[in-house]
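**Student:** The structure file data19.csv (CSV, C-alpha atoms and all ligand atoms) is provided below.
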```
chain,number,residue,atom,x,y,z
C,86,MET,CA,-12.2,-0.2,35.2
C,87,SER,CA,-13.9,3.0,34.1
C,88,THR,CA,-12.5,4.7,31.1
C,89,ALA,CA,-12.5,8.1,33.0
C,90,GLY,CA,-8.9,9.1,33.6
C,91,ALA,CA,-7.5,6.0,32.1
C,92,THR,CA,-4.9,6.3,29.4
C,93,ARG,CA,-5.5,4.8,26.0
C,94,LEU,CA,-3.0,2.1,26.9
C,95,HIS,CA,-5.1,1.2,30.0
C,96,VAL,CA,-8.2,1.0,27.9
C,97,ALA,CA,-6.5,-0.9,25.1
C,98,LEU,CA,-5.1,-3.5,27.5
C,99,GLU,CA,-8.4,-4.0,29.2
C,100,ARG,CA,-10.3,-4.3,25.9
C,101,ALA,CA,-7.7,-6.7,24.5
C,102,GLY,CA,-8.1,-8.8,27.6
C,103,VAL,CA,-11.9,-8.9,27.4
C,104,ALA,CA,-11.7,-9.8,23.6
C,105,LEU,CA,-9.1,-12.6,24.1
C,106,HIS,CA,-11.0,-14.1,27.1
C,107,GLU,CA,-14.2,-14.1,25.1
C,108,LEU,CA,-12.4,-15.8,22.2
C,109,ALA,CA,-10.7,-18.4,24.3
C,110,ALA,CA,-13.9,-19.2,26.1
C,111,GLU,CA,-16.0,-19.3,23.0
C,112,LEU,CA,-13.6,-21.8,21.3
C,113,GLY,CA,-12.7,-23.7,24.4
C,114,VAL,CA,-9.0,-23.1,23.8
C,115,THR,CA,-6.8,-25.7,25.4
C,116,ASN,CA,-3.3,-25.2,27.0
C,117,ASP,CA,-1.6,-26.8,24.0
C,118,GLU,CA,-3.4,-24.5,21.6
C,119,LEU,CA,-2.5,-21.5,23.7
C,120,LEU,CA,1.2,-22.5,23.8
C,121,ALA,CA,1.2,-23.2,20.0
C,122,THR,CA,-0.3,-19.8,19.4
C,123,LEU,CA,2.2,-18.0,21.6
C,124,GLY,CA,5.0,-20.0,19.9
C,125,PHE,CA,3.7,-18.9,16.5
C,126,LEU,CA,3.6,-15.3,17.5
C,127,THR,CA,7.2,-15.6,18.8
C,128,GLU,CA,8.2,-17.0,15.4
C,129,VAL,CA,6.4,-14.2,13.6
C,130,GLY,CA,8.4,-11.7,15.7
C,131,ARG,CA,11.7,-13.4,15.1
C,132,ALA,CA,11.0,-13.6,11.4
C,133,ASP,CA,10.2,-9.8,11.4
C,134,GLU,CA,6.7,-10.6,10.1
C,135,MET,CA,4.5,-8.7,12.6
C,136,VAL,CA,3.5,-6.0,10.1
C,137,LEU,CA,2.8,-8.7,7.5
C,138,LEU,CA,0.6,-10.5,10.1
C,139,SER,CA,-1.3,-7.2,10.6
C,140,ASP,CA,-1.6,-6.8,6.8
C,141,VAL,CA,-3.1,-10.3,6.2
C,142,LEU,CA,-5.5,-9.9,9.1
C,143,GLY,CA,-6.8,-6.7,7.4
C,144,LEU,CA,-5.8,-4.7,10.5
C,145,SER,CA,-3.4,-2.5,8.7
C,146,ARG,CA,-6.1,-1.5,6.2
C,147,LEU,CA,-8.6,-0.9,8.9
C,148,VAL,CA,-6.2,1.3,10.9
C,149,ASP,CA,-5.1,3.2,7.8
C,150,ASP,CA,-8.8,3.9,7.0
C,151,GLN,CA,-9.4,5.1,10.6
C,152,THR,CA,-6.3,7.3,10.5
C,153,HIS,CA,-7.2,9.0,7.2
C,154,GLY,CA,-10.9,8.3,6.9
C,155,ALA,CA,-12.1,11.8,7.9
C,156,GLN,CA,-9.8,13.3,5.2
C,157,ASP,CA,-11.6,14.3,2.1
C,158,GLY,CA,-10.1,13.7,-1.4
C,159,THR,CA,-8.5,10.5,-2.8
C,160,GLU,CA,-8.7,7.5,-0.5
C,161,SER,CA,-5.5,6.4,1.3
C,162,ASN,CA,-4.0,3.0,1.3
C,163,VAL,CA,-1.3,1.1,3.2
C,164,LEU,CA,2.4,2.0,2.5
C,165,GLY,CA,3.6,-1.6,2.3
C,166,PRO,CA,7.1,-2.8,2.9
C,167,PHE,CA,8.7,-1.8,-0.4
C,168,TYR,CA,8.8,2.0,-0.2
C,169,ARG,CA,12.3,3.6,-0.4
C,170,PRO,CA,12.6,7.3,0.4
C,171,GLY,CA,14.8,9.4,-2.0
C,172,ALA,CA,13.8,8.1,-5.4
C,173,PRO,CA,15.3,10.0,-8.3
C,174,PHE,CA,13.4,13.0,-9.7
C,175,VAL,CA,12.5,12.6,-13.3
C,176,ASP,CA,11.3,15.2,-15.9
C,177,ASN,CA,7.6,16.0,-16.4
C,178,PRO,CA,6.6,14.4,-18.7
C,179,GLY,CA,9.2,11.6,-18.2
C,180,SER,CA,10.0,8.0,-17.6
C,181,ILE,CA,10.8,6.3,-14.3
C,182,PRO,CA,13.9,4.1,-14.4
C,183,HIS,CA,13.1,0.7,-16.0
C,184,SER,CA,14.3,-1.7,-18.7
C,185,GLU,CA,12.3,-3.1,-21.6
C,186,ASN,CA,12.4,-6.5,-19.9
C,187,ASP,CA,10.3,-5.1,-17.0
C,188,GLY,CA,7.0,-5.4,-18.9
C,189,PRO,CA,4.6,-3.9,-21.5
C,190,PRO,CA,4.7,-0.1,-21.6
C,191,LEU,CA,2.3,1.9,-19.4
C,192,ARG,CA,1.7,5.6,-19.4
C,193,ILE,CA,0.1,6.8,-16.2
C,194,GLU,CA,-0.9,10.4,-15.8
C,195,GLY,CA,-3.2,12.6,-13.9
C,196,ARG,CA,-3.9,15.9,-12.1
C,197,VAL,CA,-3.1,16.7,-8.5
C,198,GLN,CA,-5.7,19.0,-7.1
C,199,SER,CA,-6.9,20.4,-3.8
C,200,SER,CA,-10.2,19.2,-2.4
C,201,HIS,CA,-10.7,22.9,-1.6
C,202,GLY,CA,-12.3,24.2,-4.8
C,203,GLY,CA,-10.6,21.6,-7.0
C,204,VAL,CA,-7.7,24.0,-7.7
C,205,PRO,CA,-4.7,22.4,-9.4
C,206,LEU,CA,-1.5,22.0,-7.3
C,207,PRO,CA,1.6,22.8,-9.3
C,208,GLY,CA,4.9,21.7,-7.8
C,209,ALA,CA,3.4,18.8,-5.9
C,210,VAL,CA,5.7,15.8,-5.6
C,211,VAL,CA,4.4,12.5,-6.9
C,212,ASP,CA,6.5,9.6,-5.6
C,213,VAL,CA,5.7,6.3,-7.4
C,214,TRP,CA,7.0,2.8,-6.9
C,215,HIS,CA,5.8,-0.6,-8.2
C,216,ALA,CA,6.6,-4.1,-9.2
C,217,ASN,CA,7.6,-5.3,-12.7
C,218,ALA,CA,5.7,-7.8,-14.9
C,219,ASP,CA,7.4,-10.6,-12.9
C,220,GLY,CA,5.9,-9.2,-9.7
C,221,LEU,CA,9.3,-8.0,-8.4
C,222,TYR,CA,10.3,-4.7,-6.8
C,223,SER,CA,13.8,-3.4,-7.1
C,224,ASN,CA,14.6,-4.5,-3.5
C,225,GLU,CA,13.7,-8.1,-4.3
C,226,ALA,CA,15.8,-9.3,-7.2
C,227,ALA,CA,19.5,-9.3,-7.9
C,228,GLY,CA,20.3,-7.6,-11.2
C,229,LEU,CA,17.5,-4.9,-10.8
C,230,HIS,CA,18.8,-1.3,-10.6
C,231,GLU,CA,18.3,0.0,-7.0
C,232,TRP,CA,15.8,2.6,-8.3
C,233,ASN,CA,14.2,0.3,-10.8
C,234,LEU,CA,10.5,1.3,-11.2
C,235,ARG,CA,10.8,4.1,-8.6
C,236,GLY,CA,10.7,7.8,-9.3
C,237,ARG,CA,9.5,11.2,-8.2
C,238,GLN,CA,8.1,13.8,-10.4
C,239,ARG,CA,6.9,17.4,-9.8
C,240,THR,CA,3.5,18.4,-11.2
C,241,ASP,CA,3.5,21.1,-13.9
C,242,LEU,CA,1.7,24.5,-13.8
C,243,ASP,CA,-1.7,22.7,-14.3
C,244,GLY,CA,-1.0,20.3,-11.5
C,245,ARG,CA,-0.4,17.5,-14.0
C,246,TYR,CA,2.1,14.6,-13.8
C,247,ARG,CA,2.8,12.1,-16.6
C,248,LEU,CA,5.0,9.0,-16.2
C,249,ASP,CA,6.1,6.4,-18.7
C,250,THR,CA,6.7,3.1,-17.0
C,251,VAL,CA,5.6,-0.6,-17.4
C,252,GLN,CA,2.6,-2.5,-16.4
C,253,PRO,CA,3.1,-4.3,-13.1
C,254,SER,CA,1.9,-7.8,-12.5
C,255,HIS,CA,-0.1,-9.2,-9.5
C,256,TYR,CA,2.4,-10.7,-7.0
C,257,THR,CA,2.5,-12.6,-3.8
C,258,VAL,CA,3.3,-11.1,-0.4
C,259,LYS,CA,6.1,-12.9,1.5
C,260,HIS,CA,4.9,-16.4,2.2
C,261,ASP,CA,7.9,-18.5,3.0
C,262,GLY,CA,7.7,-17.8,6.7
C,263,PRO,CA,5.3,-18.3,9.6
C,264,VAL,CA,2.6,-15.9,8.1
C,265,GLY,CA,2.7,-17.9,4.8
C,266,ARG,CA,2.3,-21.1,6.8
C,267,LEU,CA,-0.8,-19.6,8.6
C,268,LEU,CA,-2.3,-18.6,5.2
C,269,ALA,CA,-1.7,-22.1,3.8
C,270,ALA,CA,-3.2,-23.7,6.9
C,271,VAL,CA,-6.5,-21.9,6.5
C,272,GLY,CA,-6.5,-22.2,2.7
C,273,ARG,CA,-5.8,-18.6,1.9
C,274,HIS,CA,-3.6,-17.4,-1.0
C,275,PRO,CA,-0.8,-14.8,-0.7
C,276,TRP,CA,-1.6,-12.8,-3.9
C,277,ARG,CA,-2.1,-9.0,-4.3
C,278,PRO,CA,-3.6,-7.6,-7.5
C,279,ALA,CA,-1.5,-5.4,-9.8
C,280,HIS,CA,-1.0,-1.9,-8.4
C,281,ILE,CA,1.1,1.2,-8.4
C,282,HIS,CA,2.0,2.9,-5.1
C,283,PHE,CA,1.8,6.7,-4.8
C,284,ARG,CA,3.0,9.1,-2.1
C,285,VAL,CA,1.9,12.6,-2.9
C,286,ASN,CA,3.0,15.8,-1.1
C,287,ALA,CA,1.9,19.4,-1.8
C,288,ASP,CA,2.4,22.6,0.2
C,289,GLY,CA,-0.5,23.3,2.6
C,290,HIS,CA,-2.0,19.8,2.1
C,291,ARG,CA,-2.0,16.5,4.0
C,292,PRO,CA,0.4,14.0,2.5
C,293,LEU,CA,-1.3,11.1,0.8
C,294,VAL,CA,-0.1,7.5,0.6
C,295,THR,CA,-2.2,5.4,-1.7
C,296,GLN,CA,-2.3,2.8,-4.5
C,297,ALA,CA,-3.8,2.7,-8.0
C,298,TYR,CA,-5.1,-0.7,-8.8
C,299,LEU,CA,-5.1,-1.8,-12.5
C,300,ALA,CA,-8.5,-2.9,-13.6
C,301,GLY,CA,-9.0,-6.3,-15.4
C,302,GLY,CA,-6.4,-8.3,-13.5
C,303,PRO,CA,-6.8,-11.1,-11.0
C,304,TYR,CA,-7.3,-10.7,-7.2
C,305,LEU,CA,-9.0,-7.3,-7.3
C,306,ASP,CA,-11.8,-8.9,-5.3
C,307,ASP,CA,-9.6,-11.2,-3.2
C,308,ASP,CA,-6.5,-9.2,-2.2
C,309,ALA,CA,-4.4,-11.0,0.5
C,310,ILE,CA,-4.2,-7.8,2.5
C,311,GLN,CA,-7.8,-6.5,1.7
C,312,GLY,CA,-6.3,-3.3,0.4
C,313,VAL,CA,-8.4,-2.7,-2.7
C,314,LYS,CA,-10.9,0.2,-2.7
C,315,ALA,CA,-13.3,0.7,-5.7
C,316,SER,CA,-12.4,4.4,-6.0
C,317,LEU,CA,-8.7,3.4,-6.6
C,318,VAL,CA,-9.3,1.0,-9.5
C,319,VAL,CA,-8.2,2.5,-12.9
C,320,PRO,CA,-8.8,1.1,-16.3
C,321,ILE,CA,-5.9,0.6,-18.8
C,322,ILE,CA,-6.9,1.7,-22.2
C,323,ARG,CA,-4.3,1.0,-25.0
C,324,GLY,CA,-1.4,1.1,-22.4
C,325,HIS,CA,-2.7,4.3,-20.8
C,326,ALA,CA,-4.1,4.9,-17.3
C,327,THR,CA,-5.4,8.1,-15.7
C,328,PHE,CA,-5.1,8.5,-11.9
C,329,ASP,CA,-6.1,11.9,-10.5
C,330,VAL,CA,-5.2,12.7,-7.0
C,331,THR,CA,-7.2,15.1,-4.7
C,332,LEU,CA,-5.4,16.2,-1.5
C,333,SER,CA,-7.0,17.6,1.6
C,334,PRO,CA,-5.8,21.0,2.9
C,335,ILE,CA,-4.2,21.1,6.3
C,336,HIS,CA,-6.4,24.0,7.4
C,337,GLY,CA,-10.0,24.3,6.3
Q,1,LIG,C1,2.6,-3.9,-1.1
Q,1,LIG,O1,1.6,-3.5,-1.7
Q,1,LIG,O2,3.7,-3.5,-1.5
Q,1,LIG,C2,2.4,-4.7,0.1
Q,1,LIG,C3,1.6,-4.3,1.1
Q,1,LIG,C4,1.5,-5.1,2.3
Q,1,LIG,C5,2.1,-6.3,2.4
Q,1,LIG,C6,2.9,-6.7,1.3
Q,1,LIG,C7,3.1,-5.9,0.2
Q,2,FE,FE,2.9,-3.3,-3.6
```
For the structure just supplied, provide its representation as structure tokens.
Ligand code: BEZ
Ligand code: FE

**Tutor:**
Amino acid sequence: MSTAGATRLHVALERAGVALHELAAELGVTNDELLATLGFLTEVGRADEMVLLSDVLGLSRLVDDQTHGAQDGTESNVLGPFYRPGAPFVDNPGSIPHSENDGPPLRIEGRVQSSHGGVPLPGAVVDVWHANADGLYSNEAAGLHEWNLRGRQRTDLDGRYRLDTVQPSHYTVKHDGPVGRLLAAVGRHPWRPAHIHFRVNADGHRPLVTQAYLAGGPYLDDDAIQGVKASLVVPIIRGHATFDVTLSPIHG
């Protein structure tokens, strides 16, 4: 089929067919193997792990790069399954909700600026969420406050935010279902390096979803979802990290 006049769906279906035929032919896939693979995909769907499968295949990262790659400014990263809209606003400077048991203190701060001339962006909304030192998000453990380690802050007149929180740990992606079985079968681990998720919005600029990775911890060069980007790795110096964010204007 020529691509002229074809919808993207037509093209995608044809290309997927070609790629799958090539793969099946190259590996000499048998009937039993095909049925096992289809059964596995059915199980992944039933377990609501299709996004997780895309994550561990590195496909989510690739598509996120393609979606935002042309945008200048801070590099984007996948949203992940733990985002909750509507986190409480906290003062600037301020603390996001947490308890002392959540981990060693961390102050993270930075400047939100426009890639257009580097001008600071006052009033930008910085939405942050992350795991605690046990690697748990508030959705994951009974006893954690529903907004634990989640908060939004508006940047000040200089475009600065400053949040007191705790140092998150590395943690495993969900691995008690079919995707976890797949990882184990091929000898892959389910760990992600320690990181803090950011969603940043400012008037006239493209929203940014990204992650700041904490330097020095394990799995930075072997992330289960291949999410780490060198430009997003920040050092922690005496409990203090700096993560500046540059947003791309919508026009120009
Ligand atoms: C996360 O960073 O929260 C995440 C992303 C993809 C899969 C699992 C977790
Ligand atoms: Fe995460």

**Student:** Please identify every polymer residue within 7 Å of ligand FE 2 (chain Q), using only C-alpha atoms and all ligand atoms, and present the set as a list in words.

**Tutor:**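 Counting only what the definition allows, namely only C-alpha atoms and all ligand atoms, the set is Gly165, Phe167, His215, Ala216, His280, Ile281 and His282 of chain C.
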
**Student:** Kindly provide the residues of chain C that approach ligand LIG 1 (chain Q) to within 9 Å, each paired with its closest atom pair and their distance in Å to one decimal, based on all atoms listed in the file, listed by chain and increasing number, as a tab-separated table.

**Tutor:**
```
residue	atom	partner	partner_atom	distance
C:Val136	CA	Q:LIG1	C5	7.8
C:Leu137	CA	Q:LIG1	C5	5.7
C:Leu138	CA	Q:LIG1	C5	8.9
C:Ser139	CA	Q:LIG1	C5	8.9
C:Asp140	CA	Q:LIG1	C4	5.7
C:Val141	CA	Q:LIG1	C5	7.6
C:Ser145	CA	Q:LIG1	C4	8.5
C:Val163	CA	Q:LIG1	C3	6.5
C:Leu164	CA	Q:LIG1	C3	6.5
C:Gly165	CA	Q:LIG1	C3	3.6
C:Pro166	CA	Q:LIG1	O2	5.6
C:Phe167	CA	Q:LIG1	O2	5.4
C:Tyr168	CA	Q:LIG1	O2	7.6
C:Trp214	CA	Q:LIG1	O2	8.9
C:His215	CA	Q:LIG1	O2	7.6
C:Ala216	CA	Q:LIG1	O2	8.2
C:Tyr222	CA	Q:LIG1	O2	8.5
C:Tyr256	CA	Q:LIG1	C7	8.7
C:Thr257	CA	Q:LIG1	C6	7.8
C:Val258	CA	Q:LIG1	C6	4.7
C:Lys259	CA	Q:LIG1	C6	7.0
C:Arg277	CA	Q:LIG1	O1	7.1
C:Pro278	CA	Q:LIG1	O1	8.8
C:Ala279	CA	Q:LIG1	O1	8.9
C:His280	CA	Q:LIG1	O1	7.4
C:Ile281	CA	Q:LIG1	O1	8.2
C:His282	CA	Q:LIG1	O1	7.3
C:Gln296	CA	Q:LIG1	O1	7.9
C:Ala309	CA	Q:LIG1	C5	8.2
C:Ile310	CA	Q:LIG1	C4	6.3
C:Gly312	CA	Q:LIG1	C3	8.0
```

**Student:** So, with all atoms listed in the file as the atoms that count, which of C:Val319, C:Val213, C:Leu142, C:Ala109 lies closest to Gly171 in chain C?

**Tutor:** C:Val213

**Student:** Name the residues, using the chain letters and numbers of the file, that sit within 9 Å of (6.6, -3.3, -22.1) when counting only C-alpha atoms, and give them as a PDB file with C-alpha atoms, keeping the file's coordinate frame.

**Tutor:**
```pdb
ATOM      1  CA  SER C 184      14.300  -1.700 -18.700  1.00  0.00           C
ATOM      2  CA  GLU C 185      12.300  -3.100 -21.600  1.00  0.00           C
ATOM      3  CA  ASN C 186      12.400  -6.500 -19.900  1.00  0.00           C
ATOM      4  CA  ASP C 187      10.300  -5.100 -17.000  1.00  0.00           C
ATOM      5  CA  GLY C 188       7.000  -5.400 -18.900  1.00  0.00           C
ATOM      6  CA  PRO C 189       4.600  -3.900 -21.500  1.00  0.00           C
ATOM      7  CA  PRO C 190       4.700  -0.100 -21.600  1.00  0.00           C
ATOM      8  CA  LEU C 191       2.300   1.900 -19.400  1.00  0.00           C
ATOM      9  CA  ALA C 218       5.700  -7.800 -14.900  1.00  0.00           C
ATOM     10  CA  THR C 250       6.700   3.100 -17.000  1.00  0.00           C
ATOM     11  CA  VAL C 251       5.600  -0.600 -17.400  1.00  0.00           C
ATOM     12  CA  GLN C 252       2.600  -2.500 -16.400  1.00  0.00           C
TER      13      GLN C 252
END
```

**Student:** Just how far from CA of Ala270 in chain C is CA of Glu118 in chain C, in Å to one decimal?

**Tutor:**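 CA of Ala270 in chain C lies 14.7 Å from CA of Glu118 in chain C.
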
**Student:** Could you check which of C:Gly195, C:Gly301, C:Asp150, C:Thr240 is closest to Ile321 in chain C, using only C-alpha atoms?

**Tutor:**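 Closest residue, counting only C-alpha atoms: C:Gly301.
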